[in-house]
Each structure stands twice: as C-alpha cells, then as structure tokens.
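Participant: The structure follows.
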Amino acid sequence: KQIRPKGSVAFATPRRSAPARRCSELLATVVEPEVGARGATSDRLAAAVDDLNSAIESPSSPLRDVKVRARVYPDLRVGLEATRPLKYGDTFLSVPYASTGTARDVTDAALAPVLASALPEDYDGWTGDAGLLALLLLTEVHAPRDALWAAWTRCLPTADECTTMLPLMWDEDVQEILQGSSTRKIYRKLDDADEDAAWLEENIWSANREAFPEQTDAFGNTHPLFSTDGFRWALALVNSRALFIDGALRLVPVADCANHADYALGGGATAEPKAGFTGRFGTTGSAQLVAGDASAGRGEAYGKG
C-alpha cells in the first residue's frame with residue numbers, strides 16, 4: 001500500500017483534463033437520470049420490494065414494532081408507508097442491534113468468516129469505519145446473513161443508478177466542479193477509497209476470487225462487487241445511508257428507507273432515528289424510528305431512495 005500523510009491530497013490537479021463546459025450542462029448529467037435506465041430497473045425493483053415486504057412480515061423477521069411497509073415511489077424510489085394511523089411519538093419500526101451492521105462485524109467469524117480470517121487485526125484503512133461498513137455491505141450482497149439482509153440489499157440503488165445520485169459516483173467533470181466549490185474535497189475522498197481498494201485487491205480479494213468475486217448478478221445484470229468500482233459504490237451508499245446510533249455508525253436495514261421530514265408526503269414526518277429498547281421485556285437494544293409529526297394517516301409515506 002502506498003503511504004501518504006493522512007489528510008494530504010494525492011491529486012494537486014484535476015484527475016482528467018476536459019474541454020470547458022457550462023456548469024448547467026455538467027450538473028444536468030447528475031440530476032436527470034436517463035429515462036431508459038429508469039424503465040430497465042422498474043420491474044426488478046418492484047420485485048425486490050415485494051421480497052423485502054415478505055421478509056419484513058415474516059414470522060421469523062427480527063424487526064419489531066413494525067407499522068410500515070416498503071413501497072416504490074416514482075420520485076423517491078423506495079420509501080416506507082404507514083400501515084395504520086400513527087400519532088406523534090409512536091414507534092413505527094425497531095431494528096435490534098443484532099440485525100444492524102457495524103464496523104466490528106467485518107471481524108465477526110460468524111457473519112463474515114472468510115473476510116474475518118483474511119483481514120489483518122491491525123487493518124486501518126484511509127476510509128475508516130465507513131470503509132469497513134462498505135466491506136461489510138459487499139459481503140452481505142454476496143452472502144447475506146439472513147432473508148432480511150438479502151431482500152434489503154437487492155433494493156439498494158445500483159452502481160449505474162448512483163451515478164445520478166451520489167458524489168463519489170458522479171461523472172468526473174462534475175466532480176471537478178465539486179472539488180473547486182467545496183471545503184470537503186471530493187478528490188481526497190476518491191483517493192482514500194481508491195487506495196483502500198487497491199490494498200484490498202492486492203492483499204485479500206485477488207487471493208480468493210471464489211470468496212471475493214469481482215462481479216455479481218444479484219441486481220439482474222453484471223454489477224461490480226469486490227473491485228475498485230464495487231468498493232466505491234458500497235462506500236457511497238454507506239456515506240448516504242448509514243446512521244450513527246448509540247455510539248456506532250450502523251447500516252440499518254429498512255430504517256434507512258425513511259428520510260427526513262422535508263421529504264415526507266401527506267403530512268407524515270419522521271423524527272431522527274434514535275436508540276431505544278424493544279422486545280417482549282423491553283430490554284433489546286435497537287435503532288428506532290418514531291413519528292415526529294402531529295399525526296400520520298395510513299398509507300402516508302416516509303420516502304428515502
């Protein structure tokens with residue numbers, strides 16, 4: 001692994017020189033997904049959401065206090081809708097911590113046996129806990145721990161979809177604009193992601209392609225997995241969807257489908273996710289979603305993407 005001082009920027013100049021283009025033209029490539037791409041994924045996504053609802057409603061589901069179901073929304077992609085009227089302060093979803101994902105899970109032999117045995121105990125990537133969660137996400141896509149994680153990962157935006165959603169996946173021309181217009185430099189984040197991926201490729205992934213395949217067909221077509229592109233995709237999703245709850249950055253299946261109040265439809269609004277307790281005796285630690293609006297009717301949405 002090439003060593004550089006943490007916090008430094010490896011690229012002092014733009015990654016790729018390109019003819020000058022108007023900002024509005026460049027940004028249009030980000031905010032306007034191709035119509036054909038949307039249509040190509042709609043049937044697959046609808047089927048994935050059906051599977052997710054089956055996992056949510058299954059008697060063996062680990063979720064508790066469930067008063068919502070997943071639904072595809074044209075503008076919000078995948079969101080949650082209330083299955084019964086909710087009042088202010090009602091808990092409508094609890095995800096026990098055992099069913100969330102944290103950075104520690106990559107060293108858990110029960111959850112990620114091959115990765116846990118291959119990753120050095122002193123591994124310290126440039127991307128920190130977010131990078132470890134990205135590794136966990138790739139592992140869950142390839143070999144999910146249970147039916148809930150299997151269904152949830154299939155509902156995530158694909159790498160192609162993320163090129164219109166998340167800065168790490170944007171076109172290089174647009175990233176160049178972002179590099180010059182933000183104090184949180186995108187090139188630094190890209191460098192960190194690519195250096196971690198290069199080290200993982202050289203030392204872990206390439207040594208066992210059966211356990212760490214470069215591609216997957218989990219999303220209906222060839223999709224990057226344990227590779228530079230796959231790692232960047234997973235990291236972009238972690239940066240967008242992970243929740244910091246009870247002292248840890250977590251992937252929280254289903255709960256990440258609920259967005260902030262300004263995206264809620266029909267008056268329903270969601271308070272910030274919080275730590276709480278659930279279960280028969282109220283002693284099971286969990287990440288919880290609570291209705292933060294005065295009221296929310298059945299069928300009202302808590303959309304994410």
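Residue names in the structure tokens use chain letters A, B, ... in the order shown, residue numbers from 1 in each chain, and ligand numbers from 1 in the order shown.
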Might you pull out every residue within 12 Å of Val49 (chain A), with only C-alpha atoms counted and same-chain residues fewer than 5 positions away left off, and present them as a PyMOL selection string?

Facilitator: chain A and resi 42-44+54-56+69-73+77-80+148+150-156+254+257

Participant: Would you list, as a compact mmCIF listing (two decimals) with N, CA and C atoms, in the first residue's frame, the residues of region 15-242 of chain A that end up in strand (DSSP E) under DSSP run on this structure's backbone?

Facilitator:
```txt
# COMPACT_ATOMS: atom_id res chain seq x y z
N VAL A 68 -45.12 -0.16 9.30
CA VAL A 68 -44.86 0.36 7.95
C VAL A 68 -44.53 -0.80 7.02
N ARG A 69 -44.58 -0.52 5.75
CA ARG A 69 -44.13 -1.46 4.74
C ARG A 69 -43.40 -0.69 3.65
N ALA A 70 -42.58 -1.38 2.87
CA ALA A 70 -41.83 -0.72 1.79
C ALA A 70 -42.73 -0.54 0.58
N ARG A 71 -42.43 0.50 -0.17
CA ARG A 71 -43.20 0.79 -1.38
C ARG A 71 -42.33 1.55 -2.36
N VAL A 72 -42.54 1.31 -3.65
CA VAL A 72 -41.82 2.05 -4.68
C VAL A 72 -42.58 3.34 -4.99
N TYR A 73 -41.85 4.46 -4.91
CA TYR A 73 -42.41 5.76 -5.26
C TYR A 73 -41.64 6.30 -6.46
N ARG A 77 -38.05 6.66 -5.17
CA ARG A 77 -37.54 5.31 -5.33
C ARG A 77 -38.17 4.39 -4.30
N VAL A 78 -37.46 3.96 -3.25
CA VAL A 78 -38.05 3.08 -2.24
C VAL A 78 -38.26 3.87 -0.95
N GLY A 79 -39.49 3.85 -0.47
CA GLY A 79 -39.81 4.52 0.79
C GLY A 79 -40.63 3.61 1.68
N LEU A 80 -41.05 4.14 2.80
CA LEU A 80 -41.90 3.40 3.73
C LEU A 80 -43.26 4.08 3.81
N GLU A 81 -44.32 3.26 3.88
CA GLU A 81 -45.64 3.82 4.07
C GLU A 81 -46.26 3.21 5.31
N ALA A 82 -47.02 4.04 6.03
CA ALA A 82 -47.67 3.58 7.25
C ALA A 82 -48.78 2.59 6.93
N LEU A 86 -50.73 6.73 12.68
CA LEU A 86 -49.68 6.94 13.67
C LEU A 86 -49.88 8.29 14.36
N LYS A 87 -49.60 8.31 15.63
CA LYS A 87 -49.67 9.54 16.41
C LYS A 87 -48.24 10.02 16.71
N THR A 91 -43.60 4.73 17.99
CA THR A 91 -42.50 3.99 17.37
C THR A 91 -43.09 3.11 16.28
N PHE A 92 -42.62 3.30 15.05
CA PHE A 92 -43.20 2.50 13.96
C PHE A 92 -42.21 1.51 13.36
N LEU A 93 -40.98 1.47 13.87
CA LEU A 93 -40.02 0.45 13.43
C LEU A 93 -38.89 0.37 14.44
N SER A 94 -38.58 -0.84 14.88
CA SER A 94 -37.41 -1.08 15.72
C SER A 94 -36.56 -2.16 15.07
N VAL A 95 -35.29 -1.85 14.89
CA VAL A 95 -34.34 -2.81 14.31
C VAL A 95 -33.33 -3.17 15.39
N PRO A 96 -33.43 -4.37 15.96
CA PRO A 96 -32.47 -4.76 17.01
C PRO A 96 -31.04 -4.61 16.54
N GLN A 215 -17.50 -9.47 -9.63
CA GLN A 215 -18.82 -9.06 -10.10
C GLN A 215 -19.89 -9.95 -9.51
N THR A 216 -21.14 -9.46 -9.58
CA THR A 216 -22.29 -10.23 -9.13
C THR A 216 -23.45 -10.00 -10.08
N HIS A 223 -22.75 -6.57 -12.16
CA HIS A 223 -22.60 -5.43 -11.26
C HIS A 223 -21.28 -5.57 -10.51
N PRO A 224 -20.50 -4.49 -10.35
CA PRO A 224 -19.21 -4.59 -9.66
C PRO A 224 -19.39 -4.97 -8.19
```

Participant: Please measure the separation of CA of Asp229 (chain A) and CA of Ala197 (chain A), giving the value in Å to one decimal.

Facilitator: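 Pair CA of Asp229 (chain A) / CA of Ala197 (chain A) returns 8.6 Å.
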
Participant: Calculate how many Å separate CA of Leu235 (chain A) from CA of Asp75 (chain A), rounding to one decimal.

Facilitator: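 Going from CA of Leu235 (chain A) over to CA of Asp75 (chain A), I get 23.4 Å.
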
Participant: Choose the residue, out of A:Leu251, A:Ala236, A:Thr284, A:Leu76, that has the smallest atom-to-atom separation from Asp105 (chain A); count only C-alpha atoms.

Facilitator: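 Counting only C-alpha atoms, the residue closest to Asp105 (chain A) is A:Leu251.
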